[in-house]
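Source file: input-v5.csv. Holds: CSV, C-alpha atoms.
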```csv
chain,number,residue,atom,x,y,z
A,625,LEU,CA,188.4,66.0,85.8
A,626,ARG,CA,187.4,62.9,83.8
A,627,GLY,CA,185.1,64.9,81.6
A,628,ASN,CA,187.9,67.4,80.8
A,629,ARG,CA,190.5,64.7,80.3
A,630,TYR,CA,192.2,65.7,83.6
A,631,ASP,CA,192.8,69.3,82.7
A,632,ALA,CA,192.5,71.0,86.1
A,633,ARG,CA,191.9,74.5,84.8
A,634,GLU,CA,189.2,73.5,82.4
A,635,ALA,CA,187.6,71.3,85.0
A,636,ALA,CA,187.5,74.2,87.5
A,637,ASP,CA,185.9,76.5,85.0
A,638,GLN,CA,183.3,73.9,84.0
A,639,MET,CA,182.5,73.2,87.6
A,640,ILE,CA,181.4,76.8,88.1
A,641,LYS,CA,179.3,76.7,85.0
A,642,PHE,CA,177.8,73.4,86.0
A,643,PHE,CA,176.6,74.6,89.4
A,644,GLU,CA,175.2,77.8,87.9
A,645,LEU,CA,173.2,75.6,85.5
A,646,LYS,CA,172.0,73.3,88.2
A,647,HIS,CA,170.9,76.3,90.3
A,648,GLN,CA,169.1,77.8,87.3
A,649,LEU,CA,167.3,74.6,86.4
A,650,PHE,CA,166.4,73.2,89.9
A,651,GLY,CA,166.9,75.9,92.4
A,652,LYS,CA,169.2,76.7,95.3
A,653,GLY,CA,168.4,73.5,97.2
A,654,SER,CA,169.7,71.4,94.4
A,655,LEU,CA,173.3,72.5,94.9
A,656,VAL,CA,173.8,70.2,97.9
A,657,LYS,CA,172.2,67.0,96.4
A,658,ASP,CA,172.1,64.8,93.4
A,659,ILE,CA,169.1,65.3,91.1
A,660,THR,CA,166.8,62.3,91.0
A,661,ILE,CA,163.7,61.6,88.9
A,662,ASN,CA,161.6,62.8,91.8
A,663,ASP,CA,163.0,66.3,91.3
A,664,LEU,CA,161.3,66.5,87.8
A,665,ASP,CA,157.8,67.9,87.8
A,666,GLU,CA,154.9,66.4,85.8
A,667,ASP,CA,155.7,68.4,82.6
A,668,ASP,CA,159.4,67.3,82.9
A,669,ILE,CA,158.3,63.6,83.2
A,670,ALA,CA,155.9,64.0,80.2
A,671,CYS,CA,158.8,65.4,78.2
A,672,LEU,CA,161.1,62.5,79.4
A,673,LYS,CA,158.5,59.9,78.4
A,674,THR,CA,158.4,61.2,74.8
A,675,GLY,CA,161.6,59.3,74.3
A,676,TRP,CA,163.2,62.0,72.1
A,677,ILE,CA,166.3,61.8,74.2
A,678,GLN,CA,167.3,58.4,75.5
A,679,LEU,CA,170.2,56.1,76.4
A,680,ALA,CA,170.7,53.6,73.6
A,681,GLY,CA,173.4,51.2,74.7
A,682,LYS,CA,177.1,51.3,74.0
A,683,ASP,CA,179.3,51.5,70.9
A,684,ARG,CA,182.1,49.1,70.2
A,685,SER,CA,184.5,51.1,72.4
A,686,GLY,CA,182.1,51.0,75.4
A,687,ARG,CA,181.0,54.6,75.1
A,688,GLN,CA,177.4,55.5,76.1
A,689,ILE,CA,175.2,56.4,73.1
A,690,MET,CA,172.9,59.3,73.7
A,691,LEU,CA,170.1,59.0,71.1
A,692,ASN,CA,168.3,62.1,70.0
A,693,LEU,CA,165.1,61.6,68.0
A,694,PRO,CA,163.9,65.2,67.2
A,695,GLY,CA,160.7,63.9,65.5
A,696,LEU,CA,159.3,62.8,68.9
A,697,ARG,CA,159.4,66.4,70.4
A,698,THR,CA,156.0,67.9,71.3
A,699,ASP,CA,154.8,71.5,71.6
A,700,LYS,CA,153.8,70.7,75.2
A,701,CYS,CA,157.4,70.7,76.3
A,702,THR,CA,158.9,74.1,77.0
A,703,LEU,CA,162.7,74.7,76.7
A,704,GLN,CA,163.0,74.6,80.5
A,705,ASN,CA,161.3,71.1,80.5
A,706,GLU,CA,163.7,69.9,77.8
A,707,LEU,CA,166.7,71.3,79.6
A,708,ARG,CA,165.8,69.7,82.9
A,709,MET,CA,165.0,66.4,81.2
A,710,ARG,CA,168.2,66.4,79.2
A,711,TYR,CA,170.2,67.2,82.4
A,712,TYR,CA,168.6,64.2,84.2
A,713,VAL,CA,169.2,61.7,81.3
A,714,LEU,CA,172.8,62.8,80.9
A,715,MET,CA,173.6,62.8,84.6
A,716,SER,CA,172.0,59.3,84.9
A,717,ALA,CA,174.4,58.1,82.2
A,718,LEU,CA,177.3,59.7,84.1
A,719,GLU,CA,176.5,57.6,87.2
A,720,SER,CA,178.6,54.9,85.5
A,721,GLU,CA,182.3,55.3,86.1
A,722,GLU,CA,183.0,53.8,82.7
A,723,THR,CA,181.0,56.5,81.0
A,724,GLN,CA,182.8,59.2,83.0
A,725,ILE,CA,186.1,57.8,81.7
A,726,LYS,CA,185.2,56.9,78.1
A,727,GLY,CA,182.6,59.6,77.5
A,728,THR,CA,179.4,59.7,75.5
A,729,ILE,CA,178.5,59.5,71.8
A,730,PRO,CA,175.4,61.7,70.9
A,731,VAL,CA,173.5,60.5,67.9
A,732,VAL,CA,170.9,62.9,66.3
A,733,PHE,CA,168.7,60.8,64.0
A,734,ALA,CA,166.6,63.2,61.9
A,735,VAL,CA,165.6,60.8,59.1
A,736,GLY,CA,162.0,60.4,57.8
A,737,ASP,CA,159.4,61.0,60.5
A,738,MET,CA,162.2,61.8,63.0
A,739,LYS,CA,162.8,65.3,61.6
A,740,ASP,CA,162.1,68.1,64.0
A,741,LYS,CA,158.8,69.7,63.5
A,742,PHE,CA,159.8,72.9,65.4
A,743,GLY,CA,162.8,74.0,63.4
A,744,TYR,CA,165.2,72.8,66.1
A,745,SER,CA,164.1,75.6,68.5
A,746,GLY,CA,166.2,75.4,71.6
A,747,PHE,CA,168.5,72.8,70.1
A,748,PHE,CA,171.5,75.2,70.2
A,749,GLU,CA,171.1,75.7,74.0
A,750,GLN,CA,170.8,72.0,74.7
A,751,THR,CA,173.8,71.1,72.5
A,752,LYS,CA,175.9,73.7,74.3
A,753,ILE,CA,174.9,72.4,77.8
A,754,ALA,CA,175.7,68.8,76.8
A,755,SER,CA,179.1,69.7,75.3
A,756,ALA,CA,180.4,72.6,77.5
A,757,VAL,CA,178.6,72.8,80.8
A,758,THR,CA,178.0,69.3,82.2
A,759,PRO,CA,181.0,67.2,83.3
A,760,ASN,CA,180.6,65.0,80.2
A,761,HIS,CA,183.3,64.1,77.7
A,762,MET,CA,181.6,64.0,74.3
A,763,ALA,CA,183.8,61.6,72.4
A,764,GLY,CA,182.1,62.3,69.1
A,765,VAL,CA,178.8,63.3,67.5
A,766,HIS,CA,176.9,61.7,64.7
A,767,LEU,CA,174.2,63.6,62.8
A,768,CYS,CA,171.9,61.7,60.4
A,769,THR,CA,169.4,63.1,57.9
A,770,ASP,CA,167.8,62.5,54.6
A,771,GLU,CA,167.2,66.2,53.6
A,772,MET,CA,169.8,68.8,52.7
A,773,SER,CA,167.9,71.5,54.7
A,774,GLU,CA,168.1,69.4,57.8
A,775,HIS,CA,171.7,68.7,57.1
A,776,LEU,CA,172.5,72.4,57.1
A,777,ARG,CA,170.6,73.1,60.3
A,778,LEU,CA,172.3,70.3,62.2
A,779,SER,CA,175.7,71.4,60.9
A,780,TYR,CA,175.1,74.9,62.1
A,781,SER,CA,174.2,73.7,65.6
A,782,ILE,CA,177.5,71.8,65.8
A,783,VAL,CA,179.6,74.6,64.5
A,784,THR,CA,178.1,77.3,66.8
A,785,ALA,CA,177.6,75.3,70.0
A,786,THR,CA,180.6,73.0,70.3
A,787,SER,CA,184.4,73.4,70.6
A,788,LYS,CA,186.9,73.0,67.7
A,789,LYS,CA,188.0,69.7,69.1
A,790,LEU,CA,184.5,68.3,69.1
A,791,ARG,CA,183.7,69.6,65.7
A,792,SER,CA,186.7,67.6,64.4
A,793,ARG,CA,185.1,64.5,65.9
A,794,SER,CA,181.6,65.1,64.4
A,795,ARG,CA,180.3,63.1,61.5
A,796,LEU,CA,177.4,63.9,59.2
A,797,HIS,CA,175.5,61.0,57.6
A,798,TYR,CA,173.2,61.6,54.6
A,799,GLY,CA,170.7,59.0,53.3
A,800,SER,CA,167.8,56.7,54.2
A,801,GLN,CA,167.4,55.1,57.6
A,802,THR,CA,169.2,52.0,56.4
A,803,GLU,CA,172.0,53.9,54.8
A,804,CYS,CA,172.6,56.1,57.9
A,805,LEU,CA,172.6,53.1,60.2
A,806,TYR,CA,175.2,51.4,57.9
A,807,GLN,CA,177.4,54.4,57.8
A,808,MET,CA,177.3,54.7,61.6
A,809,SER,CA,178.1,51.0,62.0
A,810,THR,CA,181.5,51.7,60.3
A,811,TYR,CA,182.3,53.9,63.3
A,812,GLY,CA,181.4,51.2,65.8
A,813,ILE,CA,177.8,52.2,66.5
A,814,PRO,CA,175.5,49.1,66.4
A,815,GLN,CA,172.4,49.3,64.3
A,816,SER,CA,170.5,48.1,67.4
A,817,CYS,CA,171.0,51.6,68.9
A,818,LEU,CA,167.9,52.7,66.9
A,819,PRO,CA,164.8,51.2,68.7
A,820,VAL,CA,162.9,50.0,65.7
A,821,ASP,CA,159.8,47.7,66.1
A,822,PRO,CA,160.5,44.8,63.7
A,823,ALA,CA,156.7,44.3,63.1
A,824,THR,CA,156.1,47.9,61.8
A,825,ASN,CA,159.7,49.0,61.1
A,826,LYS,CA,158.9,52.2,63.0
A,827,ILE,CA,160.6,53.8,66.0
A,828,SER,CA,159.4,52.3,69.3
A,829,ILE,CA,159.9,54.0,72.7
A,830,GLN,CA,159.0,50.9,74.8
A,831,ARG,CA,162.6,50.2,75.7
A,832,HIS,CA,163.0,53.8,76.9
A,833,LEU,CA,159.7,53.7,78.9
A,834,LYS,CA,161.0,50.6,80.7
A,835,TRP,CA,164.1,52.5,81.6
A,836,VAL,CA,162.0,55.4,82.9
A,837,GLU,CA,160.1,53.0,85.1
A,838,SER,CA,163.3,51.4,86.3
A,839,ARG,CA,164.5,54.8,87.4
A,840,PHE,CA,161.3,55.4,89.4
A,841,LYS,CA,161.8,52.0,91.1
A,842,MET,CA,165.3,52.8,92.0
A,843,GLN,CA,164.1,55.9,93.9
A,844,ARG,CA,161.4,53.9,95.7
A,845,ARG,CA,163.3,50.9,96.8
A,846,ASP,CA,165.5,52.2,99.7
A,847,HIS,CA,163.4,52.9,102.9
A,848,PRO,CA,165.0,53.4,106.3
A,849,LEU,CA,163.5,51.3,109.1
A,850,PRO,CA,163.4,52.5,112.8
A,851,SER,CA,166.5,51.4,114.7
A,852,VAL,CA,167.5,51.6,118.4
A,853,GLY,CA,171.2,51.4,117.6
A,854,PRO,CA,173.5,54.2,116.4
A,855,SER,CA,173.2,53.2,112.7
A,856,PRO,CA,170.0,53.0,110.8
A,857,ILE,CA,169.0,49.8,109.0
A,858,TYR,CA,167.9,50.0,105.4
A,859,LEU,CA,165.4,47.8,103.7
A,860,ILE,CA,166.2,47.4,100.0
A,861,ILE,CA,163.2,46.3,98.0
A,862,PRO,CA,164.4,44.3,95.0
A,863,THR,CA,162.9,44.8,91.5
A,864,GLU,CA,162.6,42.3,88.7
A,865,ASN,CA,165.9,43.5,87.2
A,866,ASP,CA,168.0,42.9,90.3
A,867,VAL,CA,170.3,39.8,90.6
A,868,LEU,CA,169.6,38.3,94.0
A,869,VAL,CA,172.1,36.2,96.0
A,870,MET,CA,169.9,33.9,98.1
A,871,GLY,CA,172.5,31.9,100.1
A,872,GLY,CA,172.8,29.0,97.7
A,873,SER,CA,169.1,28.6,96.7
A,874,LYS,CA,168.3,29.1,93.0
A,875,CYS,CA,166.4,32.4,92.5
A,876,THR,CA,163.8,32.7,89.8
A,877,ASN,CA,163.9,36.5,89.7
A,878,THR,CA,163.9,37.9,86.1
A,879,GLY,CA,167.4,39.5,86.7
A,880,ASN,CA,168.8,36.1,87.8
A,881,GLN,CA,167.3,34.3,84.8
A,882,ARG,CA,168.8,36.9,82.4
A,883,LEU,CA,172.2,36.6,84.1
A,884,ARG,CA,172.2,32.8,83.8
A,885,VAL,CA,171.3,32.9,80.1
A,886,LEU,CA,174.0,35.5,79.4
A,887,VAL,CA,176.7,33.6,81.4
A,888,ASN,CA,175.8,30.4,79.6
A,889,ASP,CA,176.1,32.1,76.2
A,890,LEU,CA,179.5,33.5,77.1
A,891,SER,CA,180.8,30.4,78.9
A,892,LYS,CA,182.7,28.8,76.0
A,893,THR,CA,184.4,32.1,75.0
A,894,TYR,CA,185.3,32.6,78.6
A,895,GLU,CA,186.8,29.1,79.1
A,896,THR,CA,189.0,29.4,75.9
A,897,GLY,CA,189.8,33.1,76.2
A,898,SER,CA,192.9,34.9,77.5
A,899,THR,CA,193.0,36.8,80.8
A,900,GLU,CA,192.2,40.0,79.1
A,901,ILE,CA,189.2,38.5,77.3
A,902,ARG,CA,187.9,37.1,80.5
A,903,LYS,CA,188.1,40.5,82.2
A,904,ASP,CA,186.2,42.0,79.3
A,905,LEU,CA,183.5,39.3,79.5
A,906,ALA,CA,183.1,39.8,83.2
A,907,ALA,CA,182.7,43.5,82.8
A,908,CYS,CA,180.2,42.9,80.0
A,909,VAL,CA,178.1,40.7,82.3
A,910,ILE,CA,178.2,43.3,85.2
A,911,HIS,CA,177.3,46.2,82.9
A,912,SER,CA,174.4,44.3,81.3
A,913,VAL,CA,172.8,44.1,84.8
A,914,TYR,CA,173.4,47.8,85.6
A,915,ASP,CA,172.2,48.9,82.1
A,916,SER,CA,168.9,47.1,82.6
A,917,GLY,CA,168.4,49.1,85.9
A,918,GLY,CA,169.4,46.2,88.1
A,919,ARG,CA,171.8,45.7,91.0
A,920,PHE,CA,173.5,42.8,92.7
A,921,LEU,CA,171.8,42.3,96.0
A,922,LYS,CA,172.6,39.8,98.8
A,923,GLN,CA,170.0,38.6,101.4
A,924,HIS,CA,170.9,39.3,105.0
A,925,ALA,CA,169.0,38.1,108.1
A,926,PHE,CA,168.0,40.8,110.7
```
Would you mind giving the structure from this file in structure tokens?
Amino acid sequence: LRGNRYDAREAADQMIKFFELKHQLFGKGSLVKDITINDLDEDDIACLKTGWIQLAGKDRSGRQIMLNLPGLRTDKCTLQNELRMRYYVLMSALESEETQIKGTIPVVFAVGDMKDKFGYSGFFEQTKIASAVTPNHMAGVHLCTDEMSEHLRLSYSIVTATSKKLRSRSRLHYGSQTECLYQMSTYGIPQSCLPVDPATNKISIQRHLKWVESRFKMQRRDHPLPSVGPSPIYLIIPTENDVLVMGGSKCTNTGNQRLRVLVNDLSKTYETGSTEIRKDLAACVIHSVYDSGGRFLKQHAF
């Protein structure tokens, strides 16, 4: 319902398409469970680690940016691998209630070395899945390129694979990397969404690989322990990104240290801000922990 702006008829139609897609990509057993990173095979994981599709923070309206870097595609990834990988990344983003409500902003950055070497093979199918099949509200699309031929290919994908409503919210940016980033910034997309290594001024996937590793850790950290009572006890193994509540003692976990720095930076604004501003700052702090792959965990004695 959220993905279809609470249109019950459209939501029902999309639900059928969604489960058909899920069955097609992951098999019959997937229909009764959420897809996790453990459901991806080795080729899917290799495709995921290329970083050509990744989560790249939020825009000024709090919408999740889905960054597409076609130049990082490899010939080792089949269309099935890419569809399964794209499904996983998108559904990971939709774990956030805020993203379900506000939607996503896909950015296709095909500038310089990031132009697709395979003529955008399979791009139509992937665009259609992201816009029409999954329960995802695409609030807008930004296409960036520095060549007219790329401009025409990307325009064709949008026209043929998306709805009229989405086409009206699509923007084409033409120019160099700096020019495209500036043009997108006028629409509320921060220039930091593009993971550029300041030392080389080239695209880096290190931020994305850390996210992938955090997803693996999330799957490994819940393990049931034997219990005599009617309810099982779960041992949650913290990661470095978690914020740990240790009963008054000061924790040196990386997640706690990041939280203290962020709270300290925002403290003056919080003290002088209105109630609305304070709510926004609190939400910002909470989402910064979740976006880094962390959770808020409290220690309990057994």
Query raised in the report: So how many Å separate CA of Ile669 in chain A and CA of Thr758 in chain A, to one decimal?
Result: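 Spanning CA of Ile669 in chain A to CA of Thr758 in chain A is a straight-line distance of 20.5 Å.
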Expected axis-aligned box over every listed atom of range 707-720 of chain A, 4 Å added per side, centre plus edges in Å to one decimal, as lines of an AutoDock Vina configuration file:
```
center_x = 171.8
center_y = 63.1
center_z = 83.2
size_x = 21.6
size_y = 24.4
size_z = 16.0
```
Closest-contact table, range 639-722 of chain A side, partner range 822-842 of chain A, 10 Å, counting all atoms listed in the file, as a tab-separated table:
```
residue	atom	partner	partner_atom	distance
A:Thr660	CA	A:Arg839	CA	8.6
A:Ile661	CA	A:Phe840	CA	6.7
A:Asn662	CA	A:Phe840	CA	7.8
A:Ile669	CA	A:Val836	CA	9.0
A:Leu672	CA	A:Val836	CA	8.0
A:Lys673	CA	A:Leu833	CA	6.3
A:Thr674	CA	A:Ile829	CA	7.6
A:Gly675	CA	A:Ile829	CA	5.8
A:Trp676	CA	A:Ile829	CA	8.7
A:Ile677	CA	A:His832	CA	9.1
A:Gln678	CA	A:His832	CA	6.5
A:Leu679	CA	A:His832	CA	7.6
A:Ala680	CA	A:His832	CA	8.4
A:Leu693	CA	A:Ile827	CA	9.2
A:Leu696	CA	A:Ile827	CA	9.5
A:Val713	CA	A:Val836	CA	9.7
A:Ser716	CA	A:Arg839	CA	9.1
```
Query - Straight-line distance linking CA of Gln688 in chain A with CA of Asp665 in chain A, stated in Å to one decimal - result: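 Straight-line distance from CA of Gln688 in chain A to CA of Asp665 in chain A works out to 26.0 Å.
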Query raised in the report: Could you name the residues that touch Glu771 in chain A at 10 Å or less, counting only C-alpha atoms, but leaving out those on the same chain fewer than 3 positions away, as a list in words?
Result: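 Answer for this query is Ala734, Val735, Gly736, Lys739, Cys768, Glu774, His775, Leu776, Tyr798, Gly799 and Ser800 of chain A.
Closest approach to Cys804 in chain A among A:Lys741, A:His911, A:His766, A:Lys726: A:His766, based on only C-alpha atoms.
Computed from the coordinates, the CA of Glu706 in chain A to CA of Pro730 in chain A distance equals 15.9 Å.
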Report summary line: Of A:Pro819, A:Leu868, A:Thr896, A:Thr876, the one sitting nearest Gln923 in chain A when using all atoms listed in the file is A:Leu868
